[in-house]
Every structure is written in C-alpha cells, then in structure tokens.
>>> print(open('protein-v4.cif').read())   # mmCIF, C-alpha atoms and all ligand atoms
data_input
loop_
_atom_site.group_PDB
_atom_site.id
_atom_site.type_symbol
_atom_site.label_atom_id
_atom_site.label_comp_id
_atom_site.auth_asym_id
_atom_site.auth_seq_id
_atom_site.Cartn_x
_atom_site.Cartn_y
_atom_site.Cartn_z
ATOM 1 C CA MET A 1 -48.144 3.666 78.567
ATOM 2 C CA GLU A 2 -47.948 1.993 81.965
ATOM 3 C CA ARG A 3 -50.367 -0.699 80.825
ATOM 4 C CA ARG A 4 -48.196 -1.464 77.802
ATOM 5 C CA SER A 5 -45.116 -1.753 80.012
ATOM 6 C CA ASP A 6 -46.886 -4.259 82.251
ATOM 7 C CA ASP A 7 -47.923 -6.334 79.260
ATOM 8 C CA MET A 8 -44.415 -6.453 77.922
ATOM 9 C CA ALA A 9 -42.898 -7.359 81.262
ATOM 10 C CA SER A 10 -45.498 -10.083 81.778
ATOM 11 C CA THR A 11 -44.924 -11.481 78.315
ATOM 12 C CA SER A 12 -41.206 -11.657 78.892
ATOM 13 C CA ASN A 13 -41.751 -14.004 81.823
ATOM 14 C CA VAL A 14 -43.468 -16.631 79.673
ATOM 15 C CA LEU A 15 -41.133 -16.422 76.674
ATOM 16 C CA HIS A 16 -39.289 -19.664 76.290
ATOM 17 C CA PRO A 17 -36.019 -20.064 74.417
ATOM 18 C CA ALA A 18 -37.597 -22.837 72.316
ATOM 19 C CA ALA A 19 -40.364 -20.473 71.261
ATOM 20 C CA ILE A 20 -37.803 -17.906 70.241
ATOM 21 C CA LEU A 21 -35.883 -20.519 68.241
ATOM 22 C CA LEU A 22 -39.121 -21.613 66.541
ATOM 23 C CA SER A 23 -39.872 -18.016 65.614
ATOM 24 C CA LEU A 24 -36.382 -17.692 64.237
ATOM 25 C CA LEU A 25 -36.837 -20.783 62.068
ATOM 26 C CA ILE A 26 -40.190 -19.535 60.773
ATOM 27 C CA MET A 27 -38.648 -16.191 59.988
ATOM 28 C CA LEU A 28 -35.819 -17.840 58.088
ATOM 29 C CA SER A 29 -38.164 -20.189 56.224
ATOM 30 C CA THR A 30 -40.003 -17.252 54.700
ATOM 31 C CA SER A 31 -36.855 -16.323 52.812
ATOM 32 C CA VAL A 32 -36.261 -19.813 51.451
ATOM 33 C CA SER A 33 -37.025 -20.553 47.801
ATOM 34 C CA ALA A 34 -39.096 -23.599 46.876
ATOM 35 C CA THR A 35 -38.138 -26.582 44.753
ATOM 36 C CA LEU A 36 -40.221 -27.598 41.754
ATOM 37 C CA GLY A 37 -40.724 -30.960 40.110
ATOM 38 C CA HIS A 38 -41.416 -31.852 36.500
ATOM 39 C CA ASN A 39 -43.082 -34.531 34.402
ATOM 40 C CA LEU A 40 -41.634 -35.498 31.054
ATOM 41 C CA VAL A 41 -44.542 -35.277 28.600
ATOM 42 C CA SER A 42 -42.903 -35.948 25.251
ATOM 43 C CA THR A 43 -39.581 -35.914 23.441
ATOM 44 C CA ILE A 44 -38.729 -34.948 19.877
ATOM 45 C CA PRO A 45 -35.388 -35.006 18.029
ATOM 46 C CA HIS A 46 -33.086 -32.000 18.224
ATOM 47 C CA ASP A 47 -30.350 -31.240 15.692
ATOM 48 C CA ASP A 48 -27.164 -32.175 17.509
ATOM 49 C CA SER A 49 -25.202 -29.658 15.442
ATOM 50 C CA ALA A 50 -27.271 -26.855 16.985
ATOM 51 C CA PHE A 51 -25.361 -25.086 19.758
ATOM 52 C CA THR A 52 -28.611 -23.835 21.267
ATOM 53 C CA GLN A 53 -28.561 -20.322 22.673
ATOM 54 C CA GLY A 54 -32.179 -19.239 22.469
ATOM 55 C CA LEU A 55 -35.556 -20.964 22.172
ATOM 56 C CA GLU A 56 -38.989 -19.378 21.997
ATOM 57 C CA MET A 57 -42.462 -20.141 20.692
ATOM 58 C CA GLN A 58 -44.955 -17.771 19.138
ATOM 59 C CA ASP A 59 -48.426 -18.808 17.944
ATOM 60 C CA GLY A 60 -47.470 -22.481 17.879
ATOM 61 C CA ARG A 61 -44.240 -21.886 15.929
ATOM 62 C CA MET A 62 -40.830 -22.613 17.430
ATOM 63 C CA PHE A 63 -37.739 -20.485 16.856
ATOM 64 C CA GLU A 64 -34.159 -21.214 17.882
ATOM 65 C CA SER A 65 -30.882 -19.317 17.768
ATOM 66 C CA THR A 66 -27.512 -21.032 17.819
ATOM 67 C CA GLY A 67 -23.982 -19.969 18.632
ATOM 68 C CA LEU A 68 -20.303 -20.483 17.819
ATOM 69 C CA TYR A 69 -18.374 -18.378 15.295
ATOM 70 C CA GLU A 70 -19.063 -19.415 11.679
ATOM 71 C CA HIS A 71 -21.894 -21.678 12.808
ATOM 72 C CA SER A 72 -24.458 -19.289 14.301
ATOM 73 C CA GLN A 73 -27.978 -19.366 12.913
ATOM 74 C CA VAL A 74 -31.536 -18.281 13.483
ATOM 75 C CA ARG A 75 -33.886 -21.180 12.792
ATOM 76 C CA GLU A 76 -37.530 -22.161 12.719
ATOM 77 C CA ILE A 77 -38.100 -25.779 13.657
ATOM 78 C CA SER A 78 -41.123 -28.033 13.709
ATOM 79 C CA VAL A 79 -42.591 -28.570 17.135
ATOM 80 C CA GLU A 80 -44.085 -31.807 15.835
ATOM 81 C CA ASP A 81 -40.894 -33.638 14.900
ATOM 82 C CA GLY A 82 -37.988 -31.229 15.472
ATOM 83 C CA SER A 83 -37.253 -30.940 11.750
ATOM 84 C CA LEU A 84 -35.773 -27.746 10.329
ATOM 85 C CA ILE A 85 -38.291 -25.515 8.551
ATOM 86 C CA ARG A 86 -35.957 -22.646 7.659
ATOM 87 C CA SER A 87 -32.673 -21.180 8.786
ATOM 88 C CA HIS A 88 -30.463 -18.172 8.200
ATOM 89 C CA ASP A 89 -26.723 -18.022 8.804
ATOM 90 C CA LEU A 90 -25.442 -15.126 10.855
ATOM 91 C CA ASN A 91 -22.332 -13.321 9.654
ATOM 92 C CA ASP A 92 -19.259 -15.448 10.449
ATOM 93 C CA SER A 93 -17.983 -12.717 12.758
ATOM 94 C CA PHE A 94 -21.012 -13.086 15.025
ATOM 95 C CA PHE A 95 -21.366 -15.562 17.878
ATOM 96 C CA GLY A 96 -25.139 -15.929 18.215
ATOM 97 C CA GLU A 97 -26.804 -15.890 21.607
ATOM 98 C CA GLY A 98 -30.425 -15.729 22.838
ATOM 99 C CA LEU A 99 -33.467 -14.661 20.866
ATOM 100 C CA THR A 100 -36.957 -13.342 21.414
ATOM 101 C CA LEU A 101 -39.904 -12.363 19.213
ATOM 102 C CA ILE A 102 -41.789 -9.073 19.247
ATOM 103 C CA ASP A 103 -44.748 -9.409 16.873
ATOM 104 C CA ASP A 104 -43.198 -10.239 13.477
ATOM 105 C CA ARG A 105 -39.647 -9.312 14.496
ATOM 106 C CA ILE A 106 -37.066 -11.843 15.635
ATOM 107 C CA LEU A 107 -34.350 -10.299 17.776
ATOM 108 C CA VAL A 108 -31.085 -12.213 18.104
ATOM 109 C CA LEU A 109 -28.333 -11.342 20.536
ATOM 110 C CA THR A 110 -24.658 -11.443 19.697
ATOM 111 C CA TRP A 111 -22.209 -12.416 22.406
ATOM 112 C CA LYS A 112 -19.487 -9.774 22.224
ATOM 113 C CA ALA A 113 -20.231 -7.780 19.058
ATOM 114 C CA GLY A 114 -22.328 -5.221 20.932
ATOM 115 C CA LEU A 115 -25.267 -5.768 18.594
ATOM 116 C CA ILE A 116 -28.792 -7.111 18.576
ATOM 117 C CA LEU A 117 -29.833 -8.291 15.114
ATOM 118 C CA GLU A 118 -33.406 -8.029 13.872
ATOM 119 C CA PHE A 119 -34.924 -10.403 11.310
ATOM 120 C CA GLN A 120 -38.368 -10.584 9.755
ATOM 121 C CA ARG A 121 -40.121 -13.564 11.276
ATOM 122 C CA ASP A 122 -41.561 -14.986 8.057
ATOM 123 C CA THR A 123 -38.673 -14.403 5.659
ATOM 124 C CA PHE A 124 -35.633 -14.331 7.952
ATOM 125 C CA ASN A 125 -34.467 -11.253 6.049
ATOM 126 C CA GLN A 126 -32.395 -9.032 8.315
ATOM 127 C CA SER A 127 -34.254 -5.766 8.771
ATOM 128 C CA ASN A 128 -32.321 -3.849 11.409
ATOM 129 C CA HIS A 129 -29.721 -3.936 14.129
ATOM 130 C CA TYR A 130 -29.359 -2.212 17.482
ATOM 131 C CA ASN A 131 -26.471 -1.430 19.764
ATOM 132 C CA LEU A 132 -26.060 -3.404 22.975
ATOM 133 C CA GLU A 133 -23.850 -2.434 25.857
ATOM 134 C CA GLY A 134 -21.777 -5.295 27.236
ATOM 135 C CA GLU A 135 -22.156 -8.968 26.483
ATOM 136 C CA GLY A 136 -25.344 -10.633 25.306
ATOM 137 C CA TRP A 137 -26.276 -14.046 26.737
ATOM 138 C CA GLY A 138 -30.036 -14.648 26.944
ATOM 139 C CA MET A 139 -33.187 -12.742 26.072
ATOM 140 C CA CYS A 140 -36.944 -12.901 26.569
ATOM 141 C CA SER A 141 -39.751 -10.379 26.340
ATOM 142 C CA PHE A 142 -42.926 -9.214 28.014
ATOM 143 C CA GLU A 143 -45.373 -6.933 26.210
ATOM 144 C CA ASP A 144 -43.752 -3.795 27.560
ATOM 145 C CA ARG A 145 -40.111 -4.747 27.989
ATOM 146 C CA ILE A 146 -37.291 -7.032 26.943
ATOM 147 C CA MET A 147 -35.067 -8.775 29.487
ATOM 148 C CA VAL A 148 -31.412 -9.487 28.644
ATOM 149 C CA SER A 149 -28.888 -11.526 30.609
ATOM 150 C CA ASP A 150 -25.125 -11.087 30.406
ATOM 151 C CA GLY A 151 -23.849 -13.960 32.541
ATOM 152 C CA THR A 152 -24.140 -12.118 35.822
ATOM 153 C CA ASP A 153 -26.969 -12.098 38.381
ATOM 154 C CA GLN A 154 -28.373 -8.891 36.928
ATOM 155 C CA LEU A 155 -30.744 -8.538 33.972
ATOM 156 C CA SER A 156 -30.968 -5.519 31.680
ATOM 157 C CA ILE A 157 -34.350 -4.100 30.704
ATOM 158 C CA LEU A 158 -34.788 -2.783 27.162
ATOM 159 C CA ASP A 159 -37.578 -0.903 25.441
ATOM 160 C CA PRO A 160 -39.302 -3.365 23.046
ATOM 161 C CA LEU A 161 -39.457 -0.863 20.181
ATOM 162 C CA THR A 162 -36.203 1.073 20.389
ATOM 163 C CA LEU A 163 -34.198 -1.544 22.318
ATOM 164 C CA GLU A 164 -32.753 1.248 24.414
ATOM 165 C CA LEU A 165 -31.703 0.420 27.941
ATOM 166 C CA THR A 166 -34.413 1.520 30.371
ATOM 167 C CA GLY A 167 -33.357 -0.175 33.600
ATOM 168 C CA SER A 168 -32.060 -3.300 35.284
ATOM 169 C CA LEU A 169 -33.296 -6.063 37.568
ATOM 170 C CA GLN A 170 -31.037 -7.419 40.308
ATOM 171 C CA VAL A 171 -31.780 -11.097 40.948
ATOM 172 C CA SER A 172 -31.546 -11.900 44.637
ATOM 173 C CA SER A 173 -31.413 -15.074 46.680
ATOM 174 C CA ASN A 174 -30.355 -15.884 50.216
ATOM 175 C CA ASN A 175 -29.392 -19.455 49.495
ATOM 176 C CA HIS A 176 -28.416 -19.934 45.889
ATOM 177 C CA ASP A 177 -25.606 -18.751 43.686
ATOM 178 C CA ILE A 178 -27.597 -17.247 40.845
ATOM 179 C CA SER A 179 -24.744 -15.885 38.722
ATOM 180 C CA ASN A 180 -24.247 -17.035 35.132
ATOM 181 C CA LEU A 181 -27.879 -16.474 34.187
ATOM 182 C CA ASN A 182 -28.210 -17.438 30.541
ATOM 183 C CA GLU A 183 -31.167 -18.360 28.292
ATOM 184 C CA LEU A 184 -34.411 -16.764 29.484
ATOM 185 C CA GLU A 185 -38.146 -17.246 29.147
ATOM 186 C CA CYS A 186 -40.692 -14.612 30.173
ATOM 187 C CA VAL A 187 -44.039 -16.087 31.288
ATOM 188 C CA GLY A 188 -46.724 -14.196 33.219
ATOM 189 C CA ASP A 189 -44.910 -12.216 35.877
ATOM 190 C CA LYS A 190 -41.956 -14.587 36.067
ATOM 191 C CA ILE A 191 -38.643 -15.049 34.321
ATOM 192 C CA TYR A 192 -37.318 -18.587 33.862
ATOM 193 C CA ALA A 193 -33.535 -18.547 33.572
ATOM 194 C CA ASN A 194 -31.150 -21.303 32.586
ATOM 195 C CA GLN A 195 -28.026 -21.133 34.716
ATOM 196 C CA TRP A 196 -24.979 -21.754 32.561
ATOM 197 C CA MET A 197 -23.041 -24.955 33.308
ATOM 198 C CA SER A 198 -25.781 -26.254 35.563
ATOM 199 C CA PRO A 199 -28.953 -28.357 35.216
ATOM 200 C CA PHE A 200 -30.962 -25.628 36.948
ATOM 201 C CA VAL A 201 -33.683 -23.304 35.733
ATOM 202 C CA HIS A 202 -34.295 -20.516 38.221
ATOM 203 C CA VAL A 203 -37.749 -18.986 38.516
ATOM 204 C CA ILE A 204 -37.427 -15.269 39.185
ATOM 205 C CA SER A 205 -40.031 -12.645 40.029
ATOM 206 C CA ALA A 206 -40.135 -10.155 37.165
ATOM 207 C CA ASN A 207 -41.374 -7.551 39.630
ATOM 208 C CA ASP A 208 -38.566 -7.486 42.180
ATOM 209 C CA GLY A 209 -35.957 -10.001 41.021
ATOM 210 C CA GLU A 210 -36.471 -12.338 43.958
ATOM 211 C CA LEU A 211 -35.669 -16.008 43.357
ATOM 212 C CA ILE A 212 -38.987 -17.853 43.723
ATOM 213 C CA ALA A 213 -38.002 -21.436 42.989
ATOM 214 C CA THR A 214 -35.461 -23.625 41.269
ATOM 215 C CA LEU A 215 -36.166 -26.405 38.793
ATOM 216 C CA ASP A 216 -33.594 -29.234 38.645
ATOM 217 C CA LEU A 217 -33.561 -30.853 35.193
ATOM 218 C CA SER A 218 -30.507 -33.050 35.755
ATOM 219 C CA THR A 219 -32.524 -36.223 35.076
ATOM 220 C CA LEU A 220 -33.449 -35.251 31.519
ATOM 221 C CA PRO A 221 -31.525 -37.245 28.894
ATOM 222 C CA SER A 222 -29.333 -35.107 26.657
ATOM 223 C CA GLY A 223 -27.995 -37.743 24.286
ATOM 224 C CA THR A 224 -24.645 -35.975 24.242
ATOM 225 C CA SER A 225 -21.197 -37.437 24.675
ATOM 226 C CA GLY A 226 -20.790 -35.644 27.959
ATOM 227 C CA ASP A 227 -18.745 -32.745 26.631
ATOM 228 C CA ARG A 228 -18.762 -30.120 29.368
ATOM 229 C CA ASN A 229 -19.985 -27.424 26.981
ATOM 230 C CA GLU A 230 -23.065 -29.385 25.943
ATOM 231 C CA VAL A 231 -25.148 -28.071 28.783
ATOM 232 C CA LEU A 232 -28.843 -27.522 29.318
ATOM 233 C CA ASN A 233 -29.763 -24.303 27.517
ATOM 234 C CA GLY A 234 -33.002 -23.394 25.829
ATOM 235 C CA ILE A 235 -36.425 -23.011 27.390
ATOM 236 C CA ALA A 236 -39.630 -22.029 25.626
ATOM 237 C CA TRP A 237 -43.161 -21.800 27.022
ATOM 238 C CA ASP A 238 -45.756 -23.622 24.905
ATOM 239 C CA GLU A 239 -49.062 -21.910 25.616
ATOM 240 C CA GLU A 240 -51.099 -24.521 23.758
ATOM 241 C CA ARG A 241 -49.539 -27.476 25.570
ATOM 242 C CA GLN A 242 -49.156 -25.630 28.880
ATOM 243 C CA GLY A 243 -45.599 -26.848 29.274
ATOM 244 C CA PHE A 244 -41.996 -25.903 28.635
ATOM 245 C CA TRP A 245 -39.840 -27.155 25.783
ATOM 246 C CA VAL A 246 -36.278 -27.573 27.006
ATOM 247 C CA THR A 247 -33.096 -28.703 25.313
ATOM 248 C CA GLY A 248 -29.371 -28.036 25.395
ATOM 249 C CA LYS A 249 -26.307 -27.263 23.344
ATOM 250 C CA ASN A 250 -25.822 -30.081 20.820
ATOM 251 C CA TRP A 251 -28.434 -32.220 22.555
ATOM 252 C CA THR A 252 -29.990 -34.914 20.388
ATOM 253 C CA THR A 253 -33.378 -34.441 22.011
ATOM 254 C CA MET A 254 -35.827 -31.742 23.015
ATOM 255 C CA HIS A 255 -38.305 -32.367 25.820
ATOM 256 C CA LEU A 256 -41.743 -31.053 26.680
ATOM 257 C CA ILE A 257 -42.149 -30.932 30.457
ATOM 258 C CA GLU A 258 -44.921 -30.057 32.876
ATOM 259 C CA VAL A 259 -43.777 -28.217 35.975
ATOM 260 C CA TYR A 260 -45.429 -28.695 39.365
ATOM 261 C CA GLU A 261 -44.782 -28.019 43.028
ATOM 262 C CA THR A 262 -43.315 -30.978 44.876
ATOM 263 C CA ASP A 263 -45.613 -32.920 47.261
ATOM 264 C CA GLN A 264 -46.119 -31.595 50.746
ATOM 265 C CA ASN A 265 -43.805 -34.042 52.535
ATOM 266 C CA GLU A 266 -41.006 -33.586 50.074
ATOM 267 C CA TYR A 267 -41.624 -29.859 50.073
ATOM 268 C CA SER A 268 -41.425 -29.806 53.887
ATOM 269 C CA ARG A 269 -38.156 -31.706 53.862
ATOM 270 C CA ASP A 270 -36.786 -29.265 51.315
ATOM 271 C CA ILE A 271 -37.849 -26.386 53.507
ATOM 272 C CA GLU A 272 -36.278 -27.959 56.599
ATOM 273 C CA ASP A 273 -33.036 -28.620 54.750
ATOM 274 C CA SER A 274 -33.103 -25.109 53.390
ATOM 275 C CA ILE A 275 -33.673 -23.659 56.836
ATOM 276 C CA PHE A 276 -30.517 -25.234 58.141
ATOM 277 C CA ASP A 277 -28.678 -24.201 54.991
ATOM 278 C CA SER A 278 -29.915 -20.698 55.712
ATOM 279 C CA ILE A 279 -28.668 -20.837 59.269
ATOM 280 C CA ALA A 280 -25.278 -22.054 58.109
ATOM 281 C CA SER A 281 -25.027 -19.353 55.495
ATOM 282 C CA GLU A 282 -26.171 -16.569 57.783
ATOM 283 C CA LYS A 283 -23.544 -16.828 60.462
ATOM 284 C CA ASN A 284 -23.995 -13.332 61.750
ATOM 285 C CA LEU A 285 -27.700 -13.802 62.254
ATOM 286 C CA LEU A 286 -27.056 -17.051 64.083
ATOM 287 C CA LEU A 287 -24.549 -15.457 66.428
ATOM 288 C CA ILE A 288 -26.972 -12.653 67.218
ATOM 289 C CA SER A 289 -29.739 -15.171 67.797
ATOM 290 C CA LEU A 290 -27.587 -17.191 70.185
ATOM 291 C CA ALA A 291 -26.828 -14.047 72.146
ATOM 292 C CA VAL A 292 -30.552 -13.260 72.386
ATOM 293 C CA LEU A 293 -31.311 -16.817 73.464
ATOM 294 C CA ALA A 294 -28.641 -16.712 76.160
ATOM 295 C CA THR A 295 -29.982 -13.423 77.487
ATOM 296 C CA PHE A 296 -33.547 -14.679 77.704
ATOM 297 C CA ALA A 297 -32.503 -18.028 79.178
ATOM 298 C CA VAL A 298 -30.690 -16.272 82.013
ATOM 299 C CA ALA A 299 -33.662 -13.954 82.521
ATOM 300 C CA VAL A 300 -36.114 -16.847 82.705
ATOM 301 C CA SER A 301 -33.899 -18.811 85.101
ATOM 302 C CA LEU A 302 -33.777 -15.820 87.430
ATOM 303 C CA ASN A 303 -37.564 -15.466 87.086
ATOM 304 C CA GLN A 304 -37.339 -11.791 86.302
ATOM 305 C CA PRO A 305 -37.697 -9.652 83.191
ATOM 306 C CA PRO A 306 -34.625 -9.312 80.967
ATOM 307 C CA PRO A 307 -32.435 -6.299 81.739
ATOM 308 C CA SER A 308 -33.647 -4.361 78.722
ATOM 309 C CA LEU A 309 -37.297 -4.677 79.759
ATOM 310 C CA SER A 310 -36.509 -3.865 83.390
ATOM 311 C CA ALA A 311 -34.854 -0.698 82.168
ATOM 312 C CA TYR A 312 -37.928 0.050 80.063
ATOM 313 C CA ASN A 313 -40.157 -0.298 83.125
ATOM 314 C CA GLU A 314 -37.940 1.940 85.188
ATOM 315 C CA ASP A 315 -38.089 4.579 82.483
ATOM 316 C CA GLU A 316 -41.862 4.450 82.590
HETATM 317 CA CA CA B 1 -36.472 -18.724 25.728
#
>>> encode(input="protein-v4.cif", output="structure tokens", more="lines below")
Ligand SMILES: [Ca+2]
Amino acid sequence: MERRSDDMASTSNVLHPAAILLSLLIMLSTSVSATLGHNLVSTIPHDDSAFTQGLEMQDGRMFESTGLYEHSQVREISVEDGSLIRSHDLNDSFFGEGLTLIDDRILVLTWKAGLILEFQRDTFNQSNHYNLEGEGWGMCSFEDRIMVSDGTDQLSILDPLTLELTGSLQVSSNNHDISNLNELECVGDKIYANQWMSPFVHVISANDGELIATLDLSTLPSGTSGDRNEVLNGIAWDEERQGFWVTGKNWTTMHLIEVYETDQNEYSRDIEDSIFDSIASEKNLLLISLAVLATFAVAVSLNQPPPSLSAYNEDE
C-alpha cells in the first residue's frame, strides 16, 4: 500500500495541465459520432404524386408506401426505371406511413388509426391487421424483431409474427438532436433513420441505441418545388447493388448511393469540430474540468502533491 502511495504522489508531480486537457479531449472524442459521405451511383424517376412514407427492397423487388388521407397506397415499383408495377389504395380514412416486409407479408403502418395493415406481397390483398399503440411513423425489420418509430427519439420493438410490443430502444446522442425519427431501414446490426424535416439519415446501433454516425444528403437533387413538406424520406438497402435507394415525399427522382467514411483529414476536422461542440454542450463537465486544472496547476507551481494526494499519503 505504501508503494502505491509513493507512485501516485510521484506521478502527481509530473502531471501537466496540458496533459490533463489532452486526456479530457480524448475522452470527449470517444463519445462523438462520425460523419459519413456518399457517392451518387444512379438516378431513376420517382412518381412525384407519391408522398413517400416507406421504402424497402426484398429479393430485388422494391416496395413503397405513401401517405396523405385519400391518397395512401402500397406500391411495387420497378428498380430499373421507377415505373409502377402494382398498387393498392388504402382505405380513405387511413394516412399511410412506413412499411416493411416479413417473408411474403407486407406490413404498412397507419399514422393515427392505431393499426398496422398486412397485405400479401404478391397480390396486395389485405390479409390481416394488428393494433398499434400510439402513432406510427416508420418501420423496418430484422429477422427476430420489427422496429417502429413514432416521431420521438425512441423506437418500439415488435414481435415479427404477432406484432405485439416486446420492448423499446432509446436512441442516444451527446451532440445531435435525434427526435423526429421517421422512415427506417434495418441493415446488419444498424438502423438507418430518416429524421423528419431534415436532410439527415442517422445510423443507430440496433444493440444499444447509440448514434453511430450521421449521413447528410442535402446535396441530392429532389426535383421538387421546394414545398417544406417535400422532405427526404425513404431509404431502402439494395443487397445486390450494395447501396441505398433514397428518395423523398413527392420527389421526382430516386437515387442509389454508396455510403463511405469520410477521408482521414476531413474526418479529423469533423472530430475536432465535434470535440469543441461537445465541450460547449457539456458545460458542467467543462466547469468541473477547469476546477481540476486549476487545482493541479497550483499544486505543480508549489512543487508539491495536490491536497487530495497529500491527504492520501498521510492516511497511509
Ligand atoms: Ca425503409
């Protein structure tokens, strides 16, 4: 025990405030999410009457759900040219939202009706419906669970067979406002989430809800008139092409993009910027850190261990 006390006292004499600040910055940087880049691979037409709410691919086929009362549909569209293959009108009383596919079932959310509608994938005949608590915004599915957004920063988890609520996933981030999560895409162990009224797709860990990265798609052309409601919404992973199809509400185009991590220099700048954003947003931590720095600076200038360590030695 005495040996350990000596080590700690000795170490305290060589600690420099700059080293402490560096450690603080490294600590903060570990909680910062990364920024992703994208390449535009190809573009196909998108029906500009489609108020896109959900987009998903299965076995090379693309399915879309659309919203607005009296205009909501579930659709299959050609991934080659964007043309409509088949569609089915939802009841006029339903405002369609996101969709996902489980085997040969298409599940379509309704916004405020408290229902999830089920259609047969190959006929679009409605085969069932399920109750949903709260609002429905976006939906995607893994093999063992369905994820549902409701416009908050929390996702509901449903059983893929019964659609009963089995849990929830709180999405967390130190630096970003991640409310208004909307259309979803489940890929691997991640959830890609459109954020309503923004050009951002947030990449979320499906395991713990932590925000991993954010994709900024503000440079993609929408072809819209600029109506504020015609926002980016709709993301579907294309396994064959190893990219994401993305579009928006009433967009005239749909884009296939490749997603990549930004280059090292740009990534470093993002991290540095984010670090200072973190410091600004974590005022309490900064104040505590300044107090620690002041204490150690005084201790070093007096060439003696800080009071706390002196007390520790005396106790020993
Ligand atoms: Ca999707």
>>> residues_near_ligand(input="protein-v4.cif", ligand="ligand CA 1 (chain B)", cutoff="12 Å", atoms="only C-alpha atoms and all ligand atoms", output="number ranges by chain")
A: 52-58, 62-65, 97-101, 107-108, 137-142, 146-149, 182-187, 191-194, 201, 233-238, 244-248
>>> resolve_selection(input="protein-v4.cif", expression="the PyMOL selection byres (((chain A and resi 218) around 10) and not hetatm)", output="PyMOL selection string")
chain A and resi 198-200+215-217+219-222+232
>>> write_last_selection(input="protein-v4.cif", atoms="C-alpha atoms", output="mmCIF file, in the coordinates of the input")
data_model
loop_
_atom_site.group_PDB
_atom_site.id
_atom_site.type_symbol
_atom_site.label_atom_id
_atom_site.label_comp_id
_atom_site.auth_asym_id
_atom_site.auth_seq_id
_atom_site.Cartn_x
_atom_site.Cartn_y
_atom_site.Cartn_z
ATOM 1 C CA SER A 198 -25.781 -26.254 35.563
ATOM 2 C CA PRO A 199 -28.953 -28.357 35.216
ATOM 3 C CA PHE A 200 -30.962 -25.628 36.948
ATOM 4 C CA LEU A 215 -36.166 -26.405 38.793
ATOM 5 C CA ASP A 216 -33.594 -29.234 38.645
ATOM 6 C CA LEU A 217 -33.561 -30.853 35.193
ATOM 7 C CA THR A 219 -32.524 -36.223 35.076
ATOM 8 C CA LEU A 220 -33.449 -35.251 31.519
ATOM 9 C CA PRO A 221 -31.525 -37.245 28.894
ATOM 10 C CA SER A 222 -29.333 -35.107 26.657
ATOM 11 C CA LEU A 232 -28.843 -27.522 29.318
#
>>> atom_distance(input="protein-v4.cif", atom1="CA of Asp92 in chain A", atom2="CA of Ser179 in chain A")
28.8 Å
>>> atom_distance(input="protein-v4.cif", atom1="CA of Lys249 in chain A", atom2="CA of Phe95 in chain A")
13.8 Å
>>> atom_distance(input="protein-v4.cif", atom1="CA of Thr35 in chain A", atom2="CA of Leu256 in chain A")
19.0 Å
>>> closest_residue(input="protein-v4.cif", among="A:Val79, A:Asn207, A:Gln154, A:Ala213", to="His176 in chain A", atoms="all atoms listed in the file")
A:Ala213
